[in-house]
$ cat my_file-v8.cif   # mmCIF, C-alpha atoms and all ligand atoms
data_protein
loop_
_atom_site.label_atom_id
_atom_site.label_comp_id
_atom_site.auth_asym_id
_atom_site.auth_seq_id
_atom_site.Cartn_x
_atom_site.Cartn_y
_atom_site.Cartn_z
CA MET A 270 42.79 -40.35 19.14
CA ALA A 271 39.93 -42.24 17.51
CA THR A 272 39.02 -41.22 13.98
CA GLN A 273 35.59 -39.66 13.82
CA SER A 274 33.31 -39.12 10.87
CA PRO A 275 32.22 -35.49 10.31
CA LYS A 276 29.27 -34.59 12.50
CA PRO A 277 26.41 -32.17 11.91
CA PRO A 278 26.68 -28.83 13.76
CA ILE A 279 25.36 -28.87 17.33
CA ASN A 280 21.94 -27.26 17.80
CA LYS A 281 21.87 -26.82 21.57
CA GLY A 282 18.38 -25.35 21.93
CA LEU A 283 16.92 -27.35 19.00
CA GLU A 284 15.56 -24.09 17.52
CA GLY A 285 13.67 -24.70 14.33
CA LEU A 286 14.20 -28.47 14.42
CA VAL A 287 11.01 -30.31 13.49
CA VAL A 288 10.78 -33.62 15.34
CA ALA A 289 7.06 -34.42 15.15
CA ASP A 290 3.97 -33.63 13.16
CA THR A 291 0.98 -32.66 15.21
CA GLN A 292 -2.70 -31.94 14.72
CA LEU A 293 -2.94 -30.30 18.13
CA SER A 294 -1.61 -26.76 17.93
CA GLU A 295 0.34 -24.43 15.69
CA VAL A 296 2.43 -21.54 16.95
CA ASP A 297 3.12 -18.99 14.21
CA GLY A 298 5.81 -16.90 15.85
CA GLU A 299 6.22 -14.46 12.94
CA HIS A 300 2.56 -13.48 12.79
CA GLY A 301 1.65 -13.91 16.46
CA ARG A 302 -0.93 -16.65 15.84
CA LEU A 303 -1.83 -19.65 17.94
CA ILE A 304 -4.22 -22.29 16.66
CA TYR A 305 -5.65 -25.35 18.42
CA HIS A 306 -6.69 -27.94 15.82
CA GLY A 307 -7.84 -25.29 13.35
CA TYR A 308 -9.37 -22.77 15.77
CA GLU A 309 -7.80 -19.35 16.48
CA ILE A 310 -6.94 -18.93 20.15
CA ALA A 311 -8.90 -15.65 20.44
CA ASP A 312 -12.04 -17.40 19.14
CA LEU A 313 -11.61 -20.22 21.65
CA ALA A 314 -10.91 -17.77 24.48
CA GLN A 315 -14.12 -15.94 23.69
CA ASN A 316 -16.42 -18.84 22.86
CA ALA A 317 -15.12 -22.07 24.41
CA THR A 318 -14.49 -23.42 27.90
CA PHE A 319 -11.54 -25.38 29.21
CA GLU A 320 -13.61 -28.57 28.99
CA ASP A 321 -14.41 -27.81 25.31
CA VAL A 322 -10.71 -27.32 24.61
CA ALA A 323 -9.63 -30.45 26.46
CA TYR A 324 -12.15 -32.41 24.38
CA LEU A 325 -10.90 -30.73 21.20
CA LEU A 326 -7.30 -31.68 21.98
CA TRP A 327 -8.13 -35.23 23.00
CA MET A 328 -10.76 -36.04 20.37
CA GLY A 329 -9.91 -33.74 17.46
CA GLN A 330 -13.22 -31.87 17.42
CA LEU A 331 -15.27 -29.63 19.67
CA PRO A 332 -17.88 -31.58 21.65
CA THR A 333 -21.60 -31.55 20.97
CA ALA A 334 -23.80 -30.70 23.97
CA SER A 335 -24.25 -34.36 24.89
CA GLU A 336 -20.56 -35.17 24.41
CA LEU A 337 -19.69 -32.26 26.68
CA GLN A 338 -22.16 -33.45 29.28
CA ASP A 339 -20.56 -36.88 29.17
CA LEU A 340 -17.05 -35.41 29.52
CA ASN A 341 -18.18 -33.24 32.44
CA LYS A 342 -19.48 -36.34 34.22
CA ARG A 343 -16.26 -38.25 33.61
CA MET A 344 -14.15 -35.30 34.79
CA ALA A 345 -16.28 -34.84 37.92
CA ALA A 346 -16.02 -38.55 38.72
CA ASN A 347 -12.22 -38.28 38.68
CA ARG A 348 -11.85 -35.13 40.80
CA LEU A 349 -11.78 -36.76 44.21
CA LEU A 350 -8.30 -37.90 45.31
CA PRO A 351 -7.95 -41.47 46.54
CA ASP A 352 -7.06 -41.65 50.27
CA GLY A 353 -3.56 -42.93 49.48
CA VAL A 354 -2.80 -39.76 47.51
CA LEU A 355 -4.23 -37.48 50.19
CA ASP A 356 -2.12 -39.29 52.81
CA ILE A 357 1.02 -38.64 50.78
CA LEU A 358 0.12 -34.95 50.39
CA LYS A 359 -0.54 -34.74 54.14
CA SER A 360 2.91 -36.17 54.84
CA LEU A 361 4.64 -33.29 52.99
CA PRO A 362 5.99 -30.34 55.01
CA THR A 363 3.68 -27.32 54.68
CA SER A 364 6.69 -25.40 53.35
CA THR A 365 6.90 -27.65 50.27
CA VAL A 366 7.06 -25.76 46.97
CA PRO A 367 3.61 -26.21 45.35
CA MET A 368 5.10 -27.40 42.04
CA ASP A 369 6.85 -30.16 44.00
CA VAL A 370 3.49 -30.98 45.58
CA LEU A 371 1.86 -31.21 42.15
CA ARG A 372 4.70 -33.41 40.86
CA THR A 373 4.46 -35.68 43.91
CA GLY A 374 0.65 -35.75 43.87
CA ALA A 375 0.52 -36.61 40.18
CA SER A 376 3.06 -39.38 40.65
CA ALA A 377 1.14 -40.75 43.66
CA LEU A 378 -2.10 -40.62 41.68
CA GLY A 379 -0.53 -42.71 38.91
CA ALA A 380 0.71 -45.28 41.43
CA VAL A 381 -2.53 -45.50 43.40
CA LYS A 382 -4.85 -45.45 40.38
CA LYS A 383 -2.49 -47.77 38.49
CA ILE A 384 -2.10 -45.49 35.49
CA ASP A 385 0.17 -47.87 33.66
CA GLY A 386 0.76 -49.44 30.26
CA LYS A 387 -0.70 -48.03 27.05
CA ALA A 388 -1.90 -44.44 27.43
CA THR A 389 -5.68 -43.97 27.19
CA LEU A 390 -8.23 -41.18 27.15
CA GLU A 391 -9.31 -42.40 30.58
CA ASP A 392 -5.76 -41.69 31.88
CA ALA A 393 -5.88 -38.21 30.35
CA ILE A 394 -9.19 -37.47 32.06
CA ALA A 395 -8.04 -38.92 35.40
CA LEU A 396 -4.90 -36.76 35.48
CA THR A 397 -6.50 -33.56 34.18
CA ALA A 398 -9.50 -33.82 36.51
CA ALA A 399 -7.38 -34.41 39.62
CA PHE A 400 -4.72 -31.71 39.15
CA PRO A 401 -6.74 -28.86 40.72
CA THR A 402 -7.72 -31.11 43.63
CA ILE A 403 -4.05 -31.82 44.38
CA VAL A 404 -3.14 -28.12 44.34
CA ALA A 405 -6.21 -26.99 46.30
CA ALA A 406 -5.92 -29.77 48.91
CA PHE A 407 -2.33 -28.76 49.64
CA GLN A 408 -3.23 -25.08 49.80
CA ARG A 409 -5.88 -25.87 52.43
CA MET A 410 -3.50 -28.11 54.39
CA ARG A 411 -0.76 -25.52 54.56
CA GLU A 412 -3.34 -23.04 55.86
CA GLY A 413 -4.10 -25.55 58.62
CA LYS A 414 -7.53 -26.30 57.16
CA ALA A 415 -9.16 -29.51 55.93
CA PRO A 416 -9.21 -30.08 52.16
CA ILE A 417 -12.58 -29.33 50.56
CA ALA A 418 -14.18 -32.13 48.56
CA PRO A 419 -14.74 -31.26 44.88
CA ARG A 420 -18.24 -30.44 43.62
CA ALA A 421 -19.55 -32.26 40.57
CA ASP A 422 -21.98 -29.48 39.64
CA LEU A 423 -19.29 -26.85 39.07
CA SER A 424 -17.10 -26.35 35.99
CA HIS A 425 -13.41 -27.26 36.12
CA ALA A 426 -12.41 -23.63 36.77
CA ALA A 427 -15.20 -22.88 39.26
CA ASN A 428 -14.58 -26.08 41.20
CA TYR A 429 -10.86 -25.27 41.50
CA LEU A 430 -11.63 -21.87 43.02
CA TYR A 431 -14.30 -23.43 45.22
CA MET A 432 -11.86 -26.05 46.58
CA LEU A 433 -9.35 -23.28 47.38
CA THR A 434 -11.75 -21.00 49.22
CA GLY A 435 -14.80 -23.02 50.29
CA SER A 436 -17.26 -20.74 48.50
CA ALA A 437 -18.51 -20.81 44.93
CA PRO A 438 -16.63 -18.12 42.97
CA SER A 439 -18.20 -15.19 41.11
CA GLU A 440 -19.08 -15.60 37.45
CA GLN A 441 -16.40 -13.03 36.57
CA LYS A 442 -13.58 -14.84 38.39
CA THR A 443 -14.66 -18.20 37.02
CA ARG A 444 -14.74 -16.85 33.48
CA ALA A 445 -11.32 -15.21 33.91
CA LEU A 446 -9.70 -18.39 35.19
CA ASP A 447 -11.45 -20.48 32.56
CA THR A 448 -10.15 -18.15 29.82
CA TYR A 449 -6.64 -18.45 31.22
CA LEU A 450 -6.97 -22.26 31.18
CA VAL A 451 -8.19 -22.18 27.56
CA LEU A 452 -5.30 -19.93 26.49
CA THR A 453 -2.57 -22.07 28.04
CA ALA A 454 -3.82 -25.63 27.38
CA ASP A 455 -1.41 -26.31 24.53
CA HIS A 456 1.46 -24.63 22.72
CA GLY A 457 3.29 -26.75 20.17
CA LEU A 458 6.51 -28.42 21.22
CA ASN A 459 7.30 -26.25 24.24
CA ALA A 460 9.84 -27.68 26.71
CA SER A 461 7.35 -29.51 28.95
CA THR A 462 5.34 -30.96 26.05
CA PHE A 463 8.53 -32.11 24.38
CA THR A 464 9.52 -33.76 27.66
CA ALA A 465 6.16 -35.53 27.79
CA ARG A 466 6.58 -36.76 24.22
CA VAL A 467 10.14 -37.96 24.83
CA ILE A 468 8.91 -40.03 27.77
CA ALA A 469 5.91 -41.30 25.80
CA SER A 470 8.26 -42.30 22.99
CA THR A 471 9.85 -44.88 25.32
CA GLU A 472 6.36 -46.45 25.70
CA ALA A 473 6.28 -45.46 29.37
CA ASP A 474 2.81 -44.78 30.85
CA MET A 475 0.98 -41.46 30.60
CA CYS A 476 1.53 -40.54 34.25
CA SER A 477 5.31 -40.79 33.81
CA SER A 478 5.11 -38.41 30.85
CA VAL A 479 3.04 -35.95 32.85
CA VAL A 480 5.30 -36.09 35.91
CA GLY A 481 8.34 -35.37 33.72
CA ALA A 482 6.48 -32.52 32.06
CA ILE A 483 5.68 -30.95 35.45
CA GLY A 484 9.42 -30.93 36.16
CA ALA A 485 10.12 -29.13 32.89
CA LEU A 486 7.33 -26.62 33.48
CA LYS A 487 8.75 -25.62 36.85
CA GLY A 488 11.76 -23.71 35.52
CA PRO A 489 11.67 -19.90 35.21
CA LEU A 490 12.56 -20.03 31.51
CA HIS A 491 9.25 -21.85 30.98
CA GLY A 492 6.27 -21.99 33.37
CA GLY A 493 8.04 -20.76 36.48
CA ALA A 494 7.98 -17.14 35.30
CA PRO A 495 4.59 -15.74 36.45
CA GLN A 496 5.36 -15.74 40.16
CA LEU A 497 8.61 -13.96 39.32
CA VAL A 498 6.64 -11.41 37.27
CA LEU A 499 4.67 -10.54 40.37
CA ASP A 500 7.89 -10.37 42.43
CA MET A 501 9.22 -7.92 39.84
CA LEU A 502 6.06 -5.78 39.94
CA LYS A 503 6.21 -5.71 43.73
CA ALA A 504 9.90 -4.76 43.68
CA ILE A 505 9.21 -1.93 41.20
CA GLY A 506 6.36 -0.79 43.42
CA THR A 507 5.11 2.27 41.53
CA ALA A 508 4.75 3.26 37.89
CA GLU A 509 7.19 6.13 38.52
CA ASN A 510 9.93 3.66 39.54
CA ALA A 511 9.59 1.52 36.42
CA GLU A 512 12.13 3.23 34.17
CA THR A 513 15.00 3.31 36.71
CA TRP A 514 14.33 -0.20 38.01
CA ILE A 515 14.15 -1.79 34.56
CA ARG A 516 17.15 0.11 33.21
CA ASN A 517 19.23 -0.99 36.21
CA ALA A 518 18.11 -4.61 35.81
CA LEU A 519 18.99 -4.63 32.11
CA ASN A 520 22.34 -2.96 32.81
CA ARG A 521 23.04 -5.84 35.22
CA HIS A 522 22.20 -8.20 32.29
CA GLU A 523 19.19 -9.60 34.10
CA LYS A 524 16.27 -11.11 32.21
CA LEU A 525 12.93 -9.36 32.64
CA MET A 526 10.36 -11.96 33.57
CA GLY A 527 7.36 -12.13 31.25
CA PHE A 528 9.25 -10.91 28.17
CA GLY A 529 10.87 -12.76 25.28
CA HIS A 530 9.95 -16.02 23.64
CA ARG A 531 11.74 -18.69 21.70
CA VAL A 532 9.08 -18.74 18.96
CA TYR A 533 7.11 -15.46 19.06
CA LYS A 534 8.95 -12.64 17.35
CA THR A 535 5.91 -10.40 17.71
CA GLU A 536 3.17 -10.06 20.30
CA ASP A 537 2.00 -13.32 21.85
CA PRO A 538 -1.74 -13.54 21.03
CA ARG A 539 -2.44 -14.93 24.51
CA ALA A 540 -0.87 -11.86 26.14
CA ARG A 541 -3.29 -9.68 24.15
CA VAL A 542 -6.37 -11.50 25.53
CA LEU A 543 -4.97 -11.64 29.06
CA ARG A 544 -4.11 -7.92 29.07
CA LYS A 545 -7.77 -7.09 28.34
CA LEU A 546 -8.89 -9.44 31.09
CA ALA A 547 -6.44 -7.92 33.55
CA ASP A 548 -7.77 -4.47 32.67
CA GLN A 549 -11.30 -5.58 33.61
CA LEU A 550 -10.28 -7.48 36.73
CA THR A 551 -7.39 -5.80 38.49
CA GLU A 552 -7.45 -2.68 40.63
CA VAL A 553 -6.75 0.55 38.74
CA GLU A 554 -3.39 1.14 40.48
CA PHE A 555 -2.18 -2.40 39.80
CA PHE A 556 -3.14 -2.23 36.13
CA LYS A 557 -1.42 1.14 35.81
CA LEU A 558 1.75 -0.30 37.33
CA ALA A 559 1.68 -3.44 35.15
CA SER A 560 1.01 -1.54 31.91
CA THR A 561 3.69 1.05 32.66
CA VAL A 562 6.17 -1.75 33.39
CA GLU A 563 5.18 -3.46 30.12
CA ASP A 564 5.50 -0.28 28.02
CA THR A 565 8.79 0.69 29.65
CA ALA A 566 10.26 -2.81 29.37
CA LEU A 567 9.38 -3.05 25.67
CA ARG A 568 10.84 0.40 24.99
CA LEU A 569 14.09 -0.27 26.88
CA LEU A 570 14.51 -3.78 25.46
CA HIS A 571 14.14 -2.30 21.99
CA GLU A 572 16.58 0.50 22.81
CA LEU A 573 19.23 -1.72 24.44
CA LYS A 574 18.82 -4.82 22.24
CA PRO A 575 17.63 -3.40 18.89
CA GLU A 576 18.66 -6.55 17.01
CA ARG A 577 16.44 -8.75 19.20
CA ARG A 578 12.67 -8.95 18.76
CA ILE A 579 11.51 -9.19 22.36
CA TYR A 580 7.83 -8.83 23.20
CA THR A 581 5.54 -9.54 26.14
CA ASN A 582 4.99 -13.26 26.62
CA VAL A 583 1.98 -15.06 28.08
CA GLU A 584 3.41 -15.07 31.60
CA PHE A 585 3.38 -11.32 32.17
CA TRP A 586 -0.39 -10.85 31.98
CA SER A 587 -1.09 -14.37 33.28
CA ALA A 588 0.46 -13.24 36.54
CA ALA A 589 -1.87 -10.22 36.69
CA VAL A 590 -4.96 -12.29 35.92
CA MET A 591 -4.15 -15.05 38.41
CA HIS A 592 -3.39 -12.40 41.02
CA ALA A 593 -6.77 -10.76 40.37
CA VAL A 594 -8.56 -14.10 40.59
CA GLY A 595 -7.11 -14.41 44.11
CA LEU A 596 -4.58 -17.21 43.64
CA PRO A 597 -1.54 -17.13 45.92
CA ASP A 598 1.63 -16.25 43.95
CA ASP A 599 3.22 -19.66 44.30
CA LEU A 600 0.13 -21.37 42.87
CA PHE A 601 0.52 -19.59 39.52
CA THR A 602 2.78 -22.24 37.99
CA PRO A 603 0.81 -25.22 39.39
CA THR A 604 -2.30 -23.57 37.91
CA PHE A 605 -0.49 -23.40 34.58
CA GLY A 606 0.07 -27.15 35.05
CA CYS A 607 -3.68 -27.64 35.62
CA SER A 608 -4.25 -26.26 32.16
CA ARG A 609 -1.26 -27.63 30.22
CA VAL A 610 -1.93 -31.18 31.39
CA ALA A 611 -4.72 -31.28 28.77
CA GLY A 612 -2.12 -30.56 26.08
CA TRP A 613 0.51 -32.91 27.53
CA THR A 614 -1.92 -35.83 27.64
CA ALA A 615 -3.17 -35.11 24.10
CA HIS A 616 0.44 -35.07 22.88
CA VAL A 617 1.13 -38.37 24.62
CA LEU A 618 -1.85 -39.95 22.83
CA GLU A 619 -0.67 -38.46 19.54
CA GLN A 620 2.92 -39.62 20.07
CA GLN A 621 1.68 -43.10 20.88
CA SER A 622 -0.41 -43.25 17.71
CA ASP A 623 2.68 -42.87 15.49
CA ASN A 624 5.62 -43.52 17.73
CA ARG A 625 9.32 -43.52 17.15
CA LEU A 626 11.75 -43.48 20.07
CA ILE A 627 13.07 -39.91 20.41
CA ARG A 628 16.78 -40.33 20.86
CA PRO A 629 19.05 -37.54 19.61
CA ALA A 630 22.83 -37.64 19.66
CA SER A 631 25.49 -35.68 21.50
CA GLU A 632 29.02 -34.83 20.50
CA TYR A 633 31.56 -36.28 22.89
CA VAL A 634 34.11 -33.62 23.90
CA GLY A 635 35.70 -35.42 26.88
CA PRO A 636 39.13 -37.08 27.02
CA TRP A 637 40.10 -40.36 25.30
CA ASN A 638 42.43 -43.28 26.07
CA LEU A 639 42.60 -42.93 29.88
CA LYS A 640 43.36 -46.08 31.91
CA VAL A 641 41.79 -46.95 35.30
CA ALA A 642 44.46 -46.73 38.03
CA PRO A 643 44.08 -48.83 41.22
CA ILE A 644 42.25 -46.84 43.92
CA GLY A 645 45.36 -46.17 46.03
CA GLN A 646 47.24 -44.70 43.05
CA ARG A 647 44.64 -42.14 41.96
CA THR A 648 45.38 -38.47 42.50
N1 LIG A 701 14.89 -9.78 29.34
C1 LIG A 701 16.06 -9.29 28.89
N2 LIG A 701 16.69 -9.78 27.84
C2 LIG A 701 16.13 -10.81 27.20
C3 LIG A 701 14.91 -11.36 27.60
C4 LIG A 701 14.29 -10.81 28.73
N3 LIG A 701 13.14 -11.29 29.18
N4 LIG A 701 14.59 -12.38 26.79
C5 LIG A 701 15.56 -12.47 25.90
N5 LIG A 701 16.51 -11.53 26.14
C6 LIG A 701 17.74 -11.29 25.42
C7 LIG A 701 18.85 -12.18 25.97
O1 LIG A 701 19.55 -11.57 27.01
C8 LIG A 701 19.68 -12.40 24.74
O2 LIG A 701 20.42 -11.24 24.49
P1 LIG A 701 21.98 -11.30 24.20
O3 LIG A 701 22.17 -12.35 23.15
O4 LIG A 701 22.29 -9.91 23.78
O5 LIG A 701 22.61 -11.71 25.52
C9 LIG A 701 18.67 -12.48 23.63
O6 LIG A 701 17.55 -11.70 24.07
C10 LIG A 701 18.20 -13.88 23.30
O7 LIG A 701 17.75 -14.48 24.51
P2 LIG A 701 17.73 -16.03 24.75
O8 LIG A 701 17.46 -16.27 26.20
O9 LIG A 701 18.90 -16.68 24.13
O10 LIG A 701 16.49 -16.42 23.83
P3 LIG A 701 15.62 -17.69 23.98
O11 LIG A 701 14.97 -17.94 22.71
O12 LIG A 701 16.38 -18.83 24.58
O13 LIG A 701 14.65 -17.11 25.10
C11 LIG A 701 13.22 -17.15 26.91
C12 LIG A 701 13.39 -17.40 25.39
C13 LIG A 701 13.97 -18.25 27.66
C14 LIG A 701 11.74 -17.23 27.23
C15 LIG A 701 13.78 -15.76 27.30
O14 LIG A 701 13.17 -14.75 26.54
C16 LIG A 701 13.64 -15.48 28.79
O15 LIG A 701 14.46 -15.96 29.59
N6 LIG A 701 12.59 -14.70 29.21
C17 LIG A 701 12.38 -14.39 30.60
C18 LIG A 701 11.73 -15.58 31.34
C19 LIG A 701 10.27 -15.78 30.91
O16 LIG A 701 9.51 -14.84 30.71
N7 LIG A 701 9.89 -17.08 30.79
C20 LIG A 701 8.54 -17.48 30.34
C21 LIG A 701 8.56 -17.86 28.88
S1 LIG A 701 6.96 -18.16 28.25
C22 LIG A 701 6.63 -19.76 28.58
O17 LIG A 701 7.47 -20.61 28.60
C23 LIG A 701 5.27 -20.17 28.88
#

$ encode --input "my_file-v8.cif" --output "structure tokens" --more "lines below"
Ligand code: ACO
Amino acid sequence: MATQSPKPPINKGLEGLVVADTQLSEVDGEHGRLIYHGYEIADLAQNATFEDVAYLLWMGQLPTASELQDLNKRMAANRLLPDGVLDILKSLPTSTVPMDVLRTGASALGAVKKIDGKATLEDAIALTAAFPTIVAAFQRMREGKAPIAPRADLSHAANYLYMLTGSAPSEQKTRALDTYLVLTADHGLNASTFTARVIASTEADMCSSVVGAIGALKGPLHGGAPQLVLDMLKAIGTAENAETWIRNALNRHEKLMGFGHRVYKTEDPRARVLRKLADQLTEVEFFKLASTVEDTALRLLHELKPERRIYTNVEFWSAAVMHAVGLPDDLFTPTFGCSRVAGWTAHVLEQQSDNRLIRPASEYVGPWNLKVAPIGQRT
């Protein structure tokens, strides 16, 4: 047995480990605060658009009117997918999981547009602008319809809805989706952003970081939850069923989708804004069901796990808002990607500006001193 020097304790989930400094966002889990570069999330949700926030994350300040106009032009110029990317999307089976489509489309975009080498603002704009086009083009194709070309005169949120449906969306739906995009554009070192920064730390290109981040976002413990929230609401069916259904699920040791968070130990400030939006947007019966499920889940989680501090996370009311806006359930997580790509790309630029290869250690717990036997003698 080899002698080993004493090792630090293993921190499997990296809770509380600080591996970067960032100017982009601060998540205060104790007080339920989220800040993007100095601005409270509720202020941004009320008074800024997704384009404002993307600019803030990329440039470190909110844009002036002329800076915003310039960004809008650059975003609009990057919305259209090159033919090579559309051809790849067309070659996918219509049953492909939309997150896999987004991952494939983003990767194809990087290859076709030659997003390579040092990461730039231009790369960030190209990826962010094209994400909704990838998702909407695939949605149209799987419905047997032709993709709809993006419109330069619409906002990021309005154009996304337009490309999905073929008609310009109402002001209310546009505002709701835009608010969702503002709320979810960045969130400290969450799993997908960390993934993006790890990849950036190897000096790989920005598209590689973003493609890796999409993979991390897909999982139900991160961005994959909202579709499952809707599945849960559908399975519960009525407000009257909530108590029995949730109690049974918790007795089976199942996780309730849309609850719990690694950092927030109180209410997620994004859930608060989204709940209000859902109240304005969703049908009365749906809102009654969702709020009863929320109240019952919080009460039972507190009763059955009193030592845990489990609250509603962003995904619970995101699901309700995206449902009300008319997005198909399996586009919820890709839509989350359409927003978070602004944060990922900003983090890649930040990582690049003060880079150190991110390379943690593991503790080897396998066997030692084995010898390779010839193939015929192995058992
Ligand atoms: N339902 C039931 N119990 C829960 C839940 C939940 N949603 N969340 C946490 N718990 C319980 C766990 O069972 C565990 O209890 P135990 O130790 O008695 O077995 C305890 O609380 C701690 O849970 P962990 O999963 O270890 O806590 P972690 O910090 O890793 O969890 C996570 C965070 C992964 C988000 C978790 O709360 C979860 O799985 N939630 C459901 C999925 C979800 O909503 N994902 C979206 C997250 S938001 C986002 O990423 C954008």

$ residues_near_ligand --input "my_file-v8.cif" --ligand "ligand LIG 701 (chain A)" --cutoff "6 Å" --atoms "all atoms listed in the file" --output "list of chain:residue names"
A:Pro489, A:Leu490, A:His491, A:Gly492, A:Ala494, A:Lys524, A:Leu525, A:Met526, A:Gly527, A:Phe528, A:Gly529, A:His530, A:Arg531, A:Arg577, A:Asn582, A:Val583, A:Glu584

$ closest_atom_pairs --input "my_file-v8.cif" --of "range 398-495 of chain A" --to "range 612-627 of chain A" --cutoff "7 Å" --atoms "only C-alpha atoms" --output "CSV"
residue,atom,partner,partner_atom,distance
A:Ala454,CA,A:Gly612,CA,5.4
A:Asp455,CA,A:Gly612,CA,4.6
A:Thr462,CA,A:Trp613,CA,5.4
A:Ala465,CA,A:Trp613,CA,6.2
A:Arg466,CA,A:Val617,CA,5.7
A:Val467,CA,A:Ile627,CA,5.7
A:Ala469,CA,A:Val617,CA,5.7
A:Ser470,CA,A:Leu626,CA,4.7
A:Thr471,CA,A:Leu626,CA,5.8
A:Met475,CA,A:Val617,CA,6.7
A:Val479,CA,A:Trp613,CA,6.6

$ residues_around --input "my_file-v8.cif" --residues "Ile515 in chain A" --least-positions-apart "2" --cutoff "10 Å" --atoms "only C-alpha atoms" --output "PyMOL selection string"
chain A and resi 501+505+510-513+517-521+523-525+562+565-566+569-570

$ write_last_selection --input "my_file-v8.cif" --atoms "C-alpha atoms" --output "compact mmCIF listing (two decimals), in the coordinates of the input"
# COMPACT_ATOMS: atom_id res chain seq x y z
CA MET A 501 9.22 -7.92 39.84
CA ILE A 505 9.21 -1.93 41.20
CA ASN A 510 9.93 3.66 39.54
CA ALA A 511 9.59 1.52 36.42
CA GLU A 512 12.13 3.23 34.17
CA THR A 513 15.00 3.31 36.71
CA ASN A 517 19.23 -0.99 36.21
CA ALA A 518 18.11 -4.61 35.81
CA LEU A 519 18.99 -4.63 32.11
CA ASN A 520 22.34 -2.96 32.81
CA ARG A 521 23.04 -5.84 35.22
CA GLU A 523 19.19 -9.60 34.10
CA LYS A 524 16.27 -11.11 32.21
CA LEU A 525 12.93 -9.36 32.64
CA VAL A 562 6.17 -1.75 33.39
CA THR A 565 8.79 0.69 29.65
CA ALA A 566 10.26 -2.81 29.37
CA LEU A 569 14.09 -0.27 26.88
CA LEU A 570 14.51 -3.78 25.46

$ residues_around --input "my_file-v8.cif" --residues "range 403-405 of chain A" --least-positions-apart "6" --cutoff "7 Å" --atoms "only C-alpha atoms" --output "PyMOL selection string"
chain A and resi 371+374+429+432-433+603

$ write_last_selection --input "my_file-v8.cif" --atoms "C-alpha atoms" --output "PDB file, in the coordinates of the input"
ATOM      1  CA  LEU A 371       1.860 -31.210  42.150  1.00  0.00           C
ATOM      2  CA  GLY A 374       0.650 -35.750  43.870  1.00  0.00           C
ATOM      3  CA  TYR A 429     -10.860 -25.270  41.500  1.00  0.00           C
ATOM      4  CA  MET A 432     -11.860 -26.050  46.580  1.00  0.00           C
ATOM      5  CA  LEU A 433      -9.350 -23.280  47.380  1.00  0.00           C
ATOM      6  CA  PRO A 603       0.810 -25.220  39.390  1.00  0.00           C
TER       7      PRO A 603
END

$ atom_distance --input "my_file-v8.cif" --atom1 "CA of Ala289 in chain A" --atom2 "CA of Gly457 in chain A"
9.9 Å

$ atom_distance --input "my_file-v8.cif" --atom1 "CA of Glu536 in chain A" --atom2 "CA of Glu309 in chain A"
14.9 Å

$ residues_near_point --input "my_file-v8.cif" --point "(30.5, -32.9, 22.2)" --cutoff "12 Å" --atoms "only C-alpha atoms" --output "PyMOL selection string"
chain A and resi 273+276-281+630-636

$ closest_residue --input "my_file-v8.cif" --among "A:Ala393, A:Lys383, A:Leu358, A:Phe463" --to "Pro416 in chain A" --atoms "all atoms listed in the file"
A:Leu358

$ atom_distance --input "my_file-v8.cif" --atom1 "CA of Lys557 in chain A" --atom2 "CA of Pro538 in chain A"
20.8 Å

$ residues_around --input "my_file-v8.cif" --residues "Ala398 in chain A" --least-positions-apart "6" --cutoff "9 Å" --atoms "all atoms listed in the file" --output "CSV table (one decimal) with C-alpha atoms, in the frame of the given file"
chain,number,residue,atom,x,y,z
A,343,ARG,CA,-16.3,-38.2,33.6
A,344,MET,CA,-14.2,-35.3,34.8
A,345,ALA,CA,-16.3,-34.8,37.9
A,346,ALA,CA,-16.0,-38.6,38.7
A,347,ASN,CA,-12.2,-38.3,38.7
A,348,ARG,CA,-11.8,-35.1,40.8
A,349,LEU,CA,-11.8,-36.8,44.2
A,425,HIS,CA,-13.4,-27.3,36.1
A,607,CYS,CA,-3.7,-27.6,35.6

$ closest_residue --input "my_file-v8.cif" --among "A:Ala375, A:Ala593, A:Met328, A:Ala588" --to "Gly493 in chain A" --atoms "all atoms listed in the file"
A:Ala588

$ closest_residue --input "my_file-v8.cif" --among "A:Lys545, A:Lys387, A:Arg516, A:Arg609" --to "Asn459 in chain A" --atoms "all atoms listed in the file"
A:Arg609

$ residues_around --input "my_file-v8.cif" --residues "Gly307 in chain A" --least-positions-apart "2" --cutoff "10 Å" --atoms "only C-alpha atoms" --output "PyMOL selection string"
chain A and resi 292-295+303-305+309-310+329-330
